$ cat coords.cif   # mmCIF, C-alpha atoms
data_target
#
loop_
_atom_site.label_atom_id
_atom_site.label_comp_id
_atom_site.auth_asym_id
_atom_site.auth_seq_id
_atom_site.Cartn_x
_atom_site.Cartn_y
_atom_site.Cartn_z
CA MET A 88 37.37 95.46 -114.83
CA ALA A 89 39.84 97.84 -113.21
CA ARG A 90 40.30 101.13 -114.96
CA GLY A 91 43.03 103.70 -114.60
CA SER A 92 43.90 107.23 -115.53
CA ILE A 93 46.92 109.40 -116.17
CA ASP A 94 47.04 113.13 -115.48
CA PHE A 95 49.74 115.77 -115.29
CA ARG A 96 50.45 117.08 -111.79
CA GLY A 97 53.00 119.82 -112.30
CA THR A 98 56.08 117.71 -111.48
CA GLY A 99 55.17 114.69 -113.59
CA TYR A 100 52.53 112.31 -114.86
CA ARG A 101 50.52 110.54 -112.20
CA ALA A 102 49.19 107.09 -113.09
CA ARG A 103 46.27 105.95 -110.96
CA TYR A 104 44.03 102.88 -110.74
CA ARG A 105 41.79 101.12 -108.24
CA GLY A 106 43.29 97.92 -106.85
CA PRO A 107 41.38 94.66 -106.29
CA GLU A 108 41.14 95.47 -102.58
CA GLY A 109 39.33 98.76 -103.23
CA GLY A 110 42.02 101.36 -102.62
CA PHE A 111 43.66 103.56 -105.25
CA ILE A 112 47.24 102.89 -106.28
CA THR A 113 49.23 105.78 -107.68
CA LYS A 114 52.71 106.39 -109.01
CA THR A 115 54.26 109.48 -110.62
CA PHE A 116 56.63 109.46 -113.61
CA LYS A 117 58.55 112.17 -115.40
CA LYS A 118 57.55 110.83 -118.82
CA ARG A 119 54.03 110.01 -119.90
CA GLY A 120 55.20 106.90 -121.79
CA ASP A 121 56.64 105.43 -118.60
CA ALA A 122 53.38 106.11 -116.79
CA GLU A 123 51.37 104.43 -119.55
CA ARG A 124 53.54 101.32 -119.54
CA TRP A 125 53.38 100.99 -115.76
CA LEU A 126 49.62 101.46 -115.71
CA ALA A 127 49.11 98.91 -118.49
CA THR A 128 51.21 96.36 -116.59
CA GLN A 129 49.32 96.94 -113.35
CA LEU A 130 45.91 96.65 -115.01
CA ALA A 131 47.02 93.43 -116.70
CA THR A 132 48.01 91.87 -113.37
CA VAL A 133 44.63 92.84 -111.93
CA ALA A 134 42.84 91.26 -114.88
CA THR A 135 44.83 88.00 -114.67
CA GLY A 136 44.74 87.67 -110.89
CA ALA A 137 48.50 88.19 -110.56
CA TRP A 138 48.24 91.58 -108.89
CA VAL A 139 50.47 92.30 -105.90
CA ASP A 140 49.98 95.27 -103.64
CA PRO A 141 53.06 97.46 -104.23
CA GLY A 142 53.11 98.35 -100.53
CA ALA A 143 52.96 94.79 -99.25
CA GLY A 144 56.55 94.01 -100.19
CA LYS A 145 57.81 96.64 -97.75
CA ILE A 146 57.49 94.20 -94.86
CA THR A 147 60.92 93.02 -93.75
CA PHE A 148 62.07 89.43 -94.17
CA GLU A 149 62.39 89.03 -90.41
CA ALA A 150 58.84 90.24 -89.75
CA TYR A 151 57.32 88.11 -92.49
CA ALA A 152 59.32 85.04 -91.44
CA ALA A 153 58.13 85.45 -87.85
CA ALA A 154 54.50 85.73 -88.98
CA TRP A 155 54.89 82.71 -91.27
CA SER A 156 56.52 80.62 -88.55
CA SER A 157 53.76 81.40 -86.05
CA GLN A 158 51.15 80.01 -88.46
CA GLN A 159 52.88 76.67 -89.07
CA PRO A 160 51.64 73.51 -87.31
CA HIS A 161 55.18 72.79 -86.17
CA ARG A 162 56.10 70.67 -83.18
CA PRO A 163 58.19 72.36 -80.47
CA ALA A 164 61.39 70.71 -81.68
CA THR A 165 60.73 71.90 -85.24
CA VAL A 166 60.04 75.43 -84.00
CA ASN A 167 63.47 75.44 -82.35
CA VAL A 168 65.17 74.09 -85.47
CA THR A 169 63.43 76.68 -87.67
CA ALA A 170 64.50 79.52 -85.38
CA ALA A 171 68.10 78.25 -85.34
CA ARG A 172 68.22 78.09 -89.14
CA LEU A 173 66.74 81.56 -89.53
CA ARG A 174 69.43 82.98 -87.27
CA HIS A 175 71.98 82.14 -89.95
CA VAL A 176 70.36 84.51 -92.49
CA LEU A 177 68.81 87.27 -90.38
CA PRO A 178 72.02 89.36 -90.27
CA ALA A 179 71.98 89.60 -94.07
CA LEU A 180 68.25 89.51 -94.85
CA GLY A 181 66.40 90.33 -91.64
CA ARG A 182 65.89 94.07 -92.16
CA ARG A 183 65.48 93.90 -95.91
CA PRO A 184 62.01 94.58 -97.40
CA MET A 185 60.78 91.36 -98.99
CA ALA A 186 60.33 92.98 -102.41
CA SER A 187 63.88 94.31 -102.45
CA VAL A 188 65.73 90.99 -102.12
CA ARG A 189 67.33 89.83 -105.37
CA THR A 190 68.56 86.45 -106.55
CA THR A 191 72.17 87.64 -106.51
CA GLU A 192 71.83 88.43 -102.81
CA ILE A 193 70.45 84.97 -102.05
CA ARG A 194 73.43 83.50 -103.89
CA ALA A 195 75.77 85.67 -101.82
CA VAL A 196 74.12 84.47 -98.59
CA VAL A 197 74.53 80.83 -99.64
CA ALA A 198 78.17 81.43 -100.56
CA GLY A 199 78.83 83.06 -97.19
CA LEU A 200 77.20 80.26 -95.22
CA SER A 201 79.16 77.66 -97.21
CA LYS A 202 82.40 78.98 -95.72
CA THR A 203 81.48 77.95 -92.18
CA LEU A 204 78.62 75.43 -92.35
CA ALA A 205 78.36 71.87 -93.65
CA PRO A 206 76.73 71.49 -97.08
CA ALA A 207 73.70 69.72 -95.60
CA THR A 208 73.16 72.58 -93.14
CA VAL A 209 73.49 75.20 -95.88
CA GLU A 210 70.92 73.33 -97.97
CA ALA A 211 68.51 73.11 -95.03
CA VAL A 212 68.80 76.86 -94.36
CA TYR A 213 68.32 77.70 -98.02
CA ARG A 214 65.26 75.43 -98.33
CA LEU A 215 63.68 77.23 -95.39
CA VAL A 216 64.35 80.66 -96.90
CA ALA A 217 62.97 79.50 -100.26
CA THR A 218 59.83 78.18 -98.55
CA ILE A 219 59.27 81.54 -96.85
CA PHE A 220 59.63 83.46 -100.11
CA ARG A 221 57.25 81.04 -101.89
CA ALA A 222 54.72 81.65 -99.13
CA ALA A 223 55.12 85.40 -99.67
CA VAL A 224 54.31 84.91 -103.36
CA ASP A 225 51.19 82.94 -102.42
CA ASP A 226 50.21 85.74 -100.03
CA ARG A 227 50.76 88.30 -102.80
CA VAL A 228 53.34 90.06 -100.71
CA ILE A 229 55.80 89.82 -103.60
CA GLY A 230 55.32 89.03 -107.25
CA SER A 231 58.07 86.41 -107.59
CA THR A 232 60.64 84.65 -105.45
CA PRO A 233 64.35 85.47 -105.60
CA CYS A 234 65.19 81.85 -104.76
CA ARG A 235 65.75 80.72 -108.33
CA ASN A 236 68.80 79.17 -109.98
CA VAL A 237 70.79 79.20 -106.75
CA ALA A 238 73.64 76.68 -106.73
CA LEU A 239 74.07 74.85 -103.43
CA PRO A 240 77.34 73.37 -102.14
CA ARG A 241 77.82 69.71 -102.88
CA PRO A 242 77.89 67.30 -99.95
CA ASP A 243 81.38 66.10 -99.15
CA GLY A 244 80.25 62.52 -99.74
CA ALA A 245 81.66 61.31 -96.44
CA GLN A 246 80.21 57.93 -95.57
CA VAL A 247 79.21 56.75 -92.13
CA VAL A 248 82.03 54.83 -90.48
CA PRO A 249 80.45 52.99 -87.55
CA LEU A 250 82.17 52.34 -84.27
CA THR A 251 83.63 48.90 -83.70
CA VAL A 252 82.46 46.59 -80.91
CA GLU A 253 85.74 47.21 -79.11
CA GLU A 254 85.32 50.99 -79.37
CA VAL A 255 81.79 50.83 -77.97
CA GLY A 256 83.13 48.82 -75.03
CA ARG A 257 85.78 51.46 -74.37
CA LEU A 258 83.16 54.21 -74.50
CA VAL A 259 80.92 52.39 -72.04
CA ASP A 260 83.82 52.06 -69.60
CA ALA A 261 84.66 55.75 -70.04
CA MET A 262 81.10 56.94 -69.33
CA PRO A 263 80.04 58.07 -65.83
CA SER A 264 78.31 55.15 -64.11
CA HIS A 265 74.80 56.60 -64.39
CA TYR A 266 75.21 56.97 -68.19
CA GLN A 267 76.75 53.58 -68.98
CA ALA A 268 73.41 51.81 -69.40
CA ALA A 269 72.25 54.68 -71.59
CA LEU A 270 75.07 53.99 -74.02
CA VAL A 271 74.30 50.25 -74.00
CA ALA A 272 70.66 51.07 -74.78
CA ALA A 273 71.66 53.48 -77.55
CA ALA A 274 73.95 50.90 -79.15
CA GLY A 275 71.53 48.01 -78.65
CA LEU A 276 68.28 49.73 -79.66
CA GLY A 277 69.38 52.37 -82.16
CA LEU A 278 67.50 55.20 -80.46
CA ARG A 279 67.97 58.86 -81.33
CA GLN A 280 69.31 61.05 -78.55
CA GLY A 281 65.93 62.57 -77.67
CA GLU A 282 64.29 59.14 -77.75
CA LEU A 283 67.00 57.70 -75.50
CA PHE A 284 66.84 60.35 -72.79
CA GLY A 285 63.05 60.48 -73.00
CA LEU A 286 62.78 56.74 -72.33
CA THR A 287 60.66 55.94 -69.28
CA VAL A 288 60.24 52.74 -67.31
CA ASP A 289 56.71 52.13 -68.59
CA ARG A 290 57.98 52.04 -72.21
CA VAL A 291 60.08 48.95 -71.49
CA ASP A 292 58.29 45.60 -71.56
CA TRP A 293 60.60 43.16 -69.78
CA LEU A 294 58.22 40.24 -70.38
CA ARG A 295 57.82 40.69 -74.14
CA ARG A 296 61.39 42.03 -74.42
CA THR A 297 60.46 45.16 -76.36
CA VAL A 298 60.88 48.92 -76.05
CA ARG A 299 58.15 51.26 -77.24
CA VAL A 300 59.32 54.50 -78.88
CA ASP A 301 56.48 57.02 -79.15
CA ARG A 302 57.89 60.25 -77.69
CA GLN A 303 61.17 62.02 -77.05
CA LEU A 304 62.67 64.52 -74.65
CA VAL A 305 62.54 68.03 -76.12
CA THR A 306 64.58 70.92 -74.77
CA ALA A 307 63.12 74.36 -75.52
CA PRO A 308 65.39 77.41 -75.15
CA GLY A 309 64.93 78.90 -71.70
CA GLY A 310 62.54 76.19 -70.55
CA PRO A 311 62.76 72.79 -68.89
CA PRO A 312 62.98 69.59 -70.95
CA THR A 313 59.55 68.18 -71.77
CA PHE A 314 58.11 65.20 -73.57
CA GLY A 315 57.26 65.78 -77.21
CA PRO A 316 56.35 63.74 -80.28
CA VAL A 317 59.04 61.80 -82.12
CA LYS A 318 60.64 63.04 -85.33
CA SER A 319 57.95 61.70 -87.69
CA PRO A 320 55.06 59.21 -87.67
CA ALA A 321 57.48 56.58 -89.00
CA SER A 322 59.59 57.05 -85.87
CA VAL A 323 56.85 55.56 -83.68
CA ARG A 324 57.94 51.96 -83.35
CA THR A 325 58.42 48.95 -81.09
CA VAL A 326 62.03 47.80 -80.98
CA PRO A 327 63.06 44.26 -79.97
CA ALA A 328 65.16 44.53 -76.83
CA PRO A 329 68.12 42.12 -76.66
CA THR A 330 69.14 40.53 -73.38
CA VAL A 331 72.30 42.64 -73.10
CA VAL A 332 70.17 45.80 -73.11
CA LEU A 333 67.54 44.49 -70.67
CA ASP A 334 70.27 43.35 -68.29
CA ALA A 335 71.91 46.78 -68.44
CA LEU A 336 68.59 48.54 -67.79
CA THR A 337 67.78 46.24 -64.88
CA GLY A 338 71.18 46.82 -63.29
CA HIS A 339 70.82 50.55 -63.85
CA ARG A 340 67.44 50.68 -62.11
CA LEU A 341 68.75 48.70 -59.15
CA ALA A 342 71.79 50.97 -58.78
CA HIS A 343 70.26 54.36 -59.56
CA GLY A 344 66.48 54.08 -59.31
CA GLU A 345 64.16 56.16 -61.44
CA GLY A 346 64.33 59.82 -62.34
CA PRO A 347 61.61 62.47 -62.65
CA ASP A 348 58.54 61.31 -64.61
CA ARG A 349 59.97 57.77 -64.29
CA LEU A 350 62.84 58.59 -66.65
CA LEU A 351 65.38 55.79 -66.95
CA PHE A 352 68.29 58.14 -67.57
CA TYR A 353 68.84 61.43 -65.79
CA THR A 354 71.62 63.62 -64.42
CA SER A 355 73.52 63.06 -61.17
CA ARG A 356 71.32 65.83 -59.70
CA GLY A 357 68.15 63.96 -60.58
CA THR A 358 67.02 66.14 -63.50
CA ALA A 359 66.24 65.40 -67.13
CA VAL A 360 69.25 65.35 -69.45
CA ARG A 361 69.54 68.40 -71.67
CA ARG A 362 71.01 68.09 -75.14
CA GLY A 363 74.02 70.23 -74.32
CA LEU A 364 74.90 68.17 -71.27
CA ALA A 365 74.45 64.93 -73.21
CA ALA A 366 76.81 66.18 -75.92
CA ALA A 367 79.41 67.29 -73.35
CA THR A 368 79.20 63.93 -71.59
CA TRP A 369 79.80 62.10 -74.86
CA ARG A 370 82.80 64.28 -75.76
CA ALA A 371 84.41 63.74 -72.36
CA ALA A 372 83.91 59.97 -72.58
CA ALA A 373 85.28 59.86 -76.13
CA ASP A 374 88.34 61.79 -74.98
CA ARG A 375 88.95 59.39 -72.11
CA ALA A 376 88.50 56.42 -74.46
CA GLY A 377 90.98 57.91 -76.93
CA LEU A 378 88.33 58.23 -79.66
CA PRO A 379 87.17 61.18 -81.78
CA ALA A 380 83.94 62.82 -80.65
CA SER A 381 82.45 61.73 -83.98
CA SER A 382 78.71 62.41 -84.28
CA GLY A 383 77.99 62.17 -80.56
CA TRP A 384 75.28 59.87 -79.31
CA HIS A 385 74.18 59.36 -82.91
CA ALA A 386 77.34 57.29 -83.38
CA ALA A 387 75.73 54.59 -81.22
CA ARG A 388 72.73 54.61 -83.56
CA HIS A 389 75.07 54.13 -86.53
CA PHE A 390 76.68 51.23 -84.68
CA TYR A 391 73.27 49.62 -84.16
CA ALA A 392 72.47 49.92 -87.87
CA SER A 393 75.84 48.38 -88.79
CA MET A 394 75.16 45.40 -86.52
CA LEU A 395 71.79 44.74 -88.14
CA ILE A 396 73.34 44.91 -91.60
CA ALA A 397 76.23 42.63 -90.61
CA GLY A 398 73.66 40.20 -89.27
CA GLY A 399 71.99 39.97 -92.67
CA GLU A 400 68.87 42.06 -91.98
CA SER A 401 67.06 43.52 -94.98
CA VAL A 402 66.77 47.20 -95.81
CA LYS A 403 63.12 47.21 -94.72
CA VAL A 404 63.97 45.71 -91.33
CA VAL A 405 66.73 48.26 -90.73
CA GLN A 406 64.37 51.04 -91.81
CA SER A 407 61.71 49.84 -89.39
CA ARG A 408 64.09 49.47 -86.44
CA LEU A 409 65.56 52.94 -86.94
CA GLY A 410 62.22 54.63 -87.62
CA HIS A 411 63.25 56.05 -90.99
CA LYS A 412 60.57 57.56 -93.22
CA SER A 413 61.58 55.43 -96.20
CA ALA A 414 63.94 52.69 -97.30
CA LEU A 415 65.65 55.31 -99.48
CA GLU A 416 66.70 57.23 -96.37
CA THR A 417 68.17 54.03 -94.96
CA LEU A 418 70.05 53.24 -98.17
CA ASP A 419 71.35 56.78 -98.54
CA THR A 420 72.87 56.58 -95.07
CA TYR A 421 73.94 52.96 -94.78
CA GLY A 422 73.87 51.47 -98.29
CA HIS A 423 77.66 51.21 -98.39
CA LEU A 424 77.63 48.91 -95.35
CA TRP A 425 75.73 46.11 -97.06
CA PRO A 426 78.26 43.50 -98.23
CA ALA A 427 79.03 43.08 -101.92
CA SER A 428 77.12 40.15 -103.42
CA GLU A 429 78.81 39.44 -106.77
CA GLU A 430 79.67 35.83 -105.98
CA SER A 431 76.29 35.06 -104.42
CA THR A 432 74.66 36.44 -107.56
CA ARG A 433 76.69 34.08 -109.75
CA VAL A 434 75.87 31.10 -107.55
CA THR A 435 72.16 31.92 -107.50
CA VAL A 436 71.90 32.31 -111.28
CA ASP A 437 73.86 29.09 -111.91
CA ARG A 438 71.73 27.20 -109.41
CA LEU A 439 68.39 28.36 -110.82
CA LEU A 440 69.04 28.95 -114.51
CA GLY A 441 71.49 26.09 -115.07
CA PRO A 442 68.98 23.22 -114.64
CA ALA A 443 66.46 25.03 -116.82
CA LEU A 444 68.95 25.01 -119.68
CA GLY A 445 69.62 21.31 -119.30
CA GLY A 446 73.30 21.30 -118.45
CA ASP A 447 75.24 22.09 -121.64
CA ARG A 448 72.18 23.30 -123.50
CA GLY A 449 72.76 26.73 -124.99
CA ARG A 450 76.55 26.49 -124.68
CA PRO A 451 78.82 26.30 -127.76
CA SER A 452 80.20 22.84 -128.45
CA GLY A 453 83.78 21.96 -127.69
CA SER A 454 84.85 22.10 -131.39
CA GLU A 455 83.25 25.49 -131.78
CA ARG A 456 85.07 26.79 -128.74
CA VAL A 457 88.42 25.51 -130.06
CA HIS A 458 87.77 27.12 -133.46
CA ASP A 459 86.91 30.41 -131.86
CA VAL A 460 90.10 30.45 -129.83
CA SER A 461 92.40 29.38 -132.69
CA THR A 462 91.05 31.72 -135.32
CA GLY A 463 90.07 34.63 -133.15
CA GLY A 464 86.63 34.51 -134.74
CA THR A 465 83.26 34.66 -133.04
CA PRO A 466 80.26 32.39 -133.49
CA ASP A 467 77.59 33.55 -135.89
CA ALA A 468 74.69 35.30 -134.23
#
$ encode --input "coords.cif" --output "C-alpha cells"
Amino acid sequence: MARGSIDFRGTGYRARYRGPEGGFITKTFKKRGDAERWLATQLATVATGAWVDPGAGKITFEAYAAAWSSQQPHRPATVNVTAARLRHVLPALGRRPMASVRTTEIRAVVAGLSKTLAPATVEAVYRLVATIFRAAVDDRVIGSTPCRNVALPRPDGAQVVPLTVEEVGRLVDAMPSHYQAALVAAAGLGLRQGELFGLTVDRVDWLRRTVRVDRQLVTAPGGPPTFGPVKSPASVRTVPAPTVVLDALTGHRLAHGEGPDRLLFYTSRGTAVRRGLAAATWRAAADRAGLPASSGWHAARHFYASMLIAGGESVKVVQSRLGHKSALETLDTYGHLWPASEESTRVTVDRLLGPALGGDRGRPSGSERVHDVSTGGTPDA
C-alpha cells in the first residue's frame, strides 16, 4: 500500500508519496490541512486503481490526438476524415493541456462550430473529441472527461428530395461527354462517388448483368488517387445492372476507351478523377441544367433509392442495393419516400379478418345500431 508523508519546508507543507509507477509525487501547500486532504485523496486513488499521474495531463490536446490517431486501425479515407474534423477544434483546443480543458470550454467550442457548420457535422466533430478524451481517461492521462452534459444542435430535419427523371435527363445532357455515362451509372446503380469513380472494367459483368462494388477511389491530401476499401463491410455488394446502364457503359467504352488501371471514368487528361474535380464538374452541369447543386453526385444515389421505393422494393432490398449498414439507416434517410398505406391496410384486414368473423358476426344488429343513433347511447360492454 502506498504511504505518504508531510513535512514543513520553510515556505510551506510538502506532501509526498510514492506513485504506482515508482516515482515520488510531491506538492507544497501553505496550510497543513490542505496538504493532508490532498495526500489522502491521492493515496485513495492509488488504493482504488483510479490514480492519474499529475504530470500526464500536461500533454496538449493536439499532441495526444495525434498519438491517438496514429494508433487507430483506420482506413486511409477515415484518416483523412478524422484529420479534417480535428482541424475544426485545434484552434481552440490544440495547445491546451488535456487536464486543463473544462466542460464549459467544450460547450463553447460546440456553440462556435454550430454557427458555421451543419448540425450533423458538429455532432461528428464533437463525437470525435469525446472519443479522444475518453481514451485519455483510459490511458490515465486525465482523471475524467470534460465531454459531459454537452448539448448538441438539433438537425434541421430536412428530408431528402430526390431528383425527378426529367431533371436527371437534363443533368446528363449538361455533363461533359466523358462524364455522361458516369451519371447514368450513378443514377442506375446507386453508387457512392468514390465507388463510381473507382469502378473498373473488370467489376462489370456484362453477361450476368451485374456490377461488383468492393473498393473505391480514395484521394489522400498531397498524393495521387488510389484504390481503397469501401465505406464498411456492408458496402461490399453486387448490384443488378439494368440495360440502360450497360448500354451507357458500352457506348462510353467505345467512345473513350479505358483509363489508368482500367478505370471506366477518368478525366479528359486520362487521370483518375479527384473528389474536388468531380464536385466542380457536378456544379457546372447543375448550373447549365438550371438546377441547384444539391448534394452533388450523391443526389444521383438518392434518385436511385427513390426509384427502387417507387417500384415497390422493400426496405431490406433498398438497404442491400445501397450498401447501408442497417435497415434503420435506410429508413432514417428514405422512410418518408415510401407511400402511405392506410387504404391497403384497411383492405388487407377486411379481406383476411372478415371471413373469419363470418360476415356480420361480431357486428351490432340493425336495431341496436338504430337505437344507438337515436338515443345517443352506446352498447353495453
$ resolve_selection --input "coords.cif" --expression "the PyMOL selection byres ((chain A and resi 380-388) around 9)" --output "short mmCIF file (atom, residue, chain, number, x, y, z; two decimals) with C-alpha atoms, in the frame of the given file"
data_model
loop_
_atom_site.label_atom_id
_atom_site.label_comp_id
_atom_site.auth_asym_id
_atom_site.auth_seq_id
_atom_site.Cartn_x
_atom_site.Cartn_y
_atom_site.Cartn_z
CA VAL A 247 79.21 56.75 -92.13
CA VAL A 248 82.03 54.83 -90.48
CA PRO A 249 80.45 52.99 -87.55
CA LEU A 250 82.17 52.34 -84.27
CA VAL A 255 81.79 50.83 -77.97
CA LEU A 270 75.07 53.99 -74.02
CA VAL A 271 74.30 50.25 -74.00
CA ALA A 272 70.66 51.07 -74.78
CA ALA A 273 71.66 53.48 -77.55
CA ALA A 274 73.95 50.90 -79.15
CA GLY A 275 71.53 48.01 -78.65
CA LEU A 276 68.28 49.73 -79.66
CA GLY A 277 69.38 52.37 -82.16
CA LEU A 278 67.50 55.20 -80.46
CA ARG A 279 67.97 58.86 -81.33
CA GLN A 280 69.31 61.05 -78.55
CA ALA A 365 74.45 64.93 -73.21
CA ALA A 366 76.81 66.18 -75.92
CA ALA A 367 79.41 67.29 -73.35
CA TRP A 369 79.80 62.10 -74.86
CA ARG A 370 82.80 64.28 -75.76
CA ALA A 371 84.41 63.74 -72.36
CA ALA A 372 83.91 59.97 -72.58
CA ALA A 373 85.28 59.86 -76.13
CA ASP A 374 88.34 61.79 -74.98
CA LEU A 378 88.33 58.23 -79.66
CA PRO A 379 87.17 61.18 -81.78
CA HIS A 389 75.07 54.13 -86.53
CA PHE A 390 76.68 51.23 -84.68
CA TYR A 391 73.27 49.62 -84.16
CA ALA A 392 72.47 49.92 -87.87
CA SER A 393 75.84 48.38 -88.79
CA LEU A 409 65.56 52.94 -86.94
#
$ closest_residue --input "coords.cif" --among "A:Ala164, A:Val228, A:Ala205, A:Ala269" --to "Thr354 (chain A)" --atoms "all atoms listed in the file"
A:Ala269
$ axis_aligned_box --input "coords.cif" --around "region 358-363 of chain A" --padding-each-side "5 Å" --output "JSON"
{"center_x": 70.1, "center_y": 67.8, "center_z": -69.3, "size_x": 17.8, "size_y": 14.9, "size_z": 21.6}
$ closest_atom_pairs --input "coords.cif" --of "region 199-314 of chain A" --to "region 326-346 of chain A" --cutoff "6 Å" --atoms "all atoms listed in the file" --output "Markdown table"
| residue | atom | partner | partner_atom | distance |
| --- | --- | --- | --- | --- |
| A:Ala268 | CA | A:Ala335 | CA | 5.3 |
| A:Ala272 | CA | A:Val332 | CA | 5.5 |
| A:Arg296 | CA | A:Ala328 | CA | 5.1 |
| A:Thr297 | CA | A:Pro327 | CA | 4.5 |
| A:Val298 | CA | A:Val326 | CA | 5.2 |
$ atom_distance --input "coords.cif" --atom1 "CA of Ala153 (chain A)" --atom2 "CA of Val212 (chain A)"
15.2 Å
$ atom_distance --input "coords.cif" --atom1 "CA of Thr287 (chain A)" --atom2 "CA of Leu350 (chain A)"
4.3 Å
$ resolve_selection --input "coords.cif" --expression "the PyMOL selection byres ((chain A and resi 99) around 10)" --output "PyMOL selection string"
chain A and resi 94-98+100-102+114-119+122
$ atom_distance --input "coords.cif" --atom1 "CA of Asp437 (chain A)" --atom2 "CA of Val405 (chain A)"
29.4 Å
$ closest_residue --input "coords.cif" --among "A:Ser92, A:Ser156, A:Thr218, A:Thr165" --to "Lys318 (chain A)" --atoms "only C-alpha atoms"
A:Thr165
$ residues_around --input "coords.cif" --residues "region 191-196 of chain A" --least-positions-apart "6" --cutoff "8 Å" --atoms "only C-alpha atoms" --output "number ranges by chain"
A: 176, 179, 233-234, 237-238
$ resolve_selection --input "coords.cif" --expression "the PyMOL selection byres ((chain A and resi 303-317) around 6)" --output "list of chain:residue names"
A:Gly281, A:Glu282, A:Gly285, A:Arg302, A:Lys318, A:Ser319
$ write_last_selection --input "coords.cif" --atoms "C-alpha atoms" --output "short mmCIF file (atom, residue, chain, number, x, y, z; two decimals), in the frame of the given file"
data_model
loop_
_atom_site.label_atom_id
_atom_site.label_comp_id
_atom_site.auth_asym_id
_atom_site.auth_seq_id
_atom_site.Cartn_x
_atom_site.Cartn_y
_atom_site.Cartn_z
CA GLY A 281 65.93 62.57 -77.67
CA GLU A 282 64.29 59.14 -77.75
CA GLY A 285 63.05 60.48 -73.00
CA ARG A 302 57.89 60.25 -77.69
CA LYS A 318 60.64 63.04 -85.33
CA SER A 319 57.95 61.70 -87.69
#
$ residues_around --input "coords.cif" --residues "Phe220 (chain A)" --least-positions-apart "3" --cutoff "10 Å" --atoms "only C-alpha atoms" --output "list in words"
Phe148, Tyr151, Ala152, Met185, Ala186, Val188, Arg214, Leu215, Val216, Ala217, Ala223, Val224, Asp225, Asp226, Val228, Ile229, Ser231, Thr232, Pro233 and Cys234 of chain A
$ closest_residue --input "coords.cif" --among "A:Val197, A:Leu424, A:Met394, A:Ala321" --to "Gln406 (chain A)" --atoms "only C-alpha atoms"
A:Ala321
$ closest_residue --input "coords.cif" --among "A:Gln158, A:Leu283, A:Arg438, A:Gly410" --to "Arg361 (chain A)" --atoms "all atoms listed in the file"
A:Leu283
$ residues_around --input "coords.cif" --residues "Arg241 (chain A)" --least-positions-apart "2" --cutoff "10 Å" --atoms "all atoms listed in the file" --output "PDB file with C-alpha atoms, keeping the file's coordinate frame"
ATOM      1  CA  SER A 201      79.160  77.660 -97.210  1.00  0.00           C
ATOM      2  CA  ALA A 205      78.360  71.870 -93.650  1.00  0.00           C
ATOM      3  CA  PRO A 206      76.730  71.490 -97.080  1.00  0.00           C
ATOM      4  CA  ALA A 207      73.700  69.720 -95.600  1.00  0.00           C
ATOM      5  CA  VAL A 209      73.490  75.200 -95.880  1.00  0.00           C
ATOM      6  CA  GLU A 210      70.920  73.330 -97.970  1.00  0.00           C
ATOM      7  CA  ALA A 238      73.640  76.680-106.730  1.00  0.00           C
ATOM      8  CA  LEU A 239      74.070  74.850-103.430  1.00  0.00           C
ATOM      9  CA  ASP A 243      81.380  66.100 -99.150  1.00  0.00           C
ATOM     10  CA  GLY A 244      80.250  62.520 -99.740  1.00  0.00           C
TER      11      GLY A 244
END
$ residues_around --input "coords.cif" --residues "Lys403 (chain A)" --least-positions-apart "6" --cutoff "10 Å" --atoms "all atoms listed in the file" --output "JSON, numbers by chain"
{"A": [409, 411, 413, 414, 415, 417, 418]}
$ closest_residue --input "coords.cif" --among "A:Gln159, A:Arg103, A:Leu351, A:Leu180" --to "Ala127 (chain A)" --atoms "all atoms listed in the file"
A:Arg103
$ decode --input "coords.cif" --residues "region 415-425 of chain A" --atoms "N, CA and C atoms" --output "CSV table (one decimal), in the first residue's frame"
chain,number,residue,atom,x,y,z
A,415,LEU,N,-32.3,0.5,-40.5
A,415,LEU,CA,-32.6,1.7,-39.8
A,415,LEU,C,-31.9,2.9,-40.5
A,416,GLU,N,-30.7,2.7,-41.0
A,416,GLU,CA,-30.1,3.8,-41.8
A,416,GLU,C,-30.9,4.1,-43.0
A,417,THR,N,-31.4,3.1,-43.7
A,417,THR,CA,-32.2,3.3,-44.9
A,417,THR,C,-33.5,4.1,-44.5
A,418,LEU,N,-34.1,3.6,-43.5
A,418,LEU,CA,-35.4,4.3,-43.1
A,418,LEU,C,-35.2,5.7,-42.6
A,419,ASP,N,-34.1,5.9,-41.9
A,419,ASP,CA,-33.8,7.3,-41.4
A,419,ASP,C,-33.6,8.3,-42.6
A,420,THR,N,-33.1,7.8,-43.7
A,420,THR,CA,-32.8,8.6,-44.9
A,420,THR,C,-34.0,8.7,-45.8
A,421,TYR,N,-34.6,7.6,-46.1
A,421,TYR,CA,-35.6,7.5,-47.1
A,421,TYR,C,-37.0,7.1,-46.7
A,422,GLY,N,-37.2,6.9,-45.4
A,422,GLY,CA,-38.5,6.4,-44.9
A,422,GLY,C,-39.7,7.3,-45.4
A,423,HIS,N,-39.5,8.6,-45.6
A,423,HIS,CA,-40.6,9.4,-46.0
A,423,HIS,C,-41.0,9.2,-47.4
A,424,LEU,N,-40.2,8.5,-48.2
A,424,LEU,CA,-40.5,8.3,-49.6
A,424,LEU,C,-41.4,7.1,-49.8
A,425,TRP,N,-41.5,6.2,-48.8
A,425,TRP,CA,-42.4,5.0,-49.0
A,425,TRP,C,-43.8,5.5,-49.0
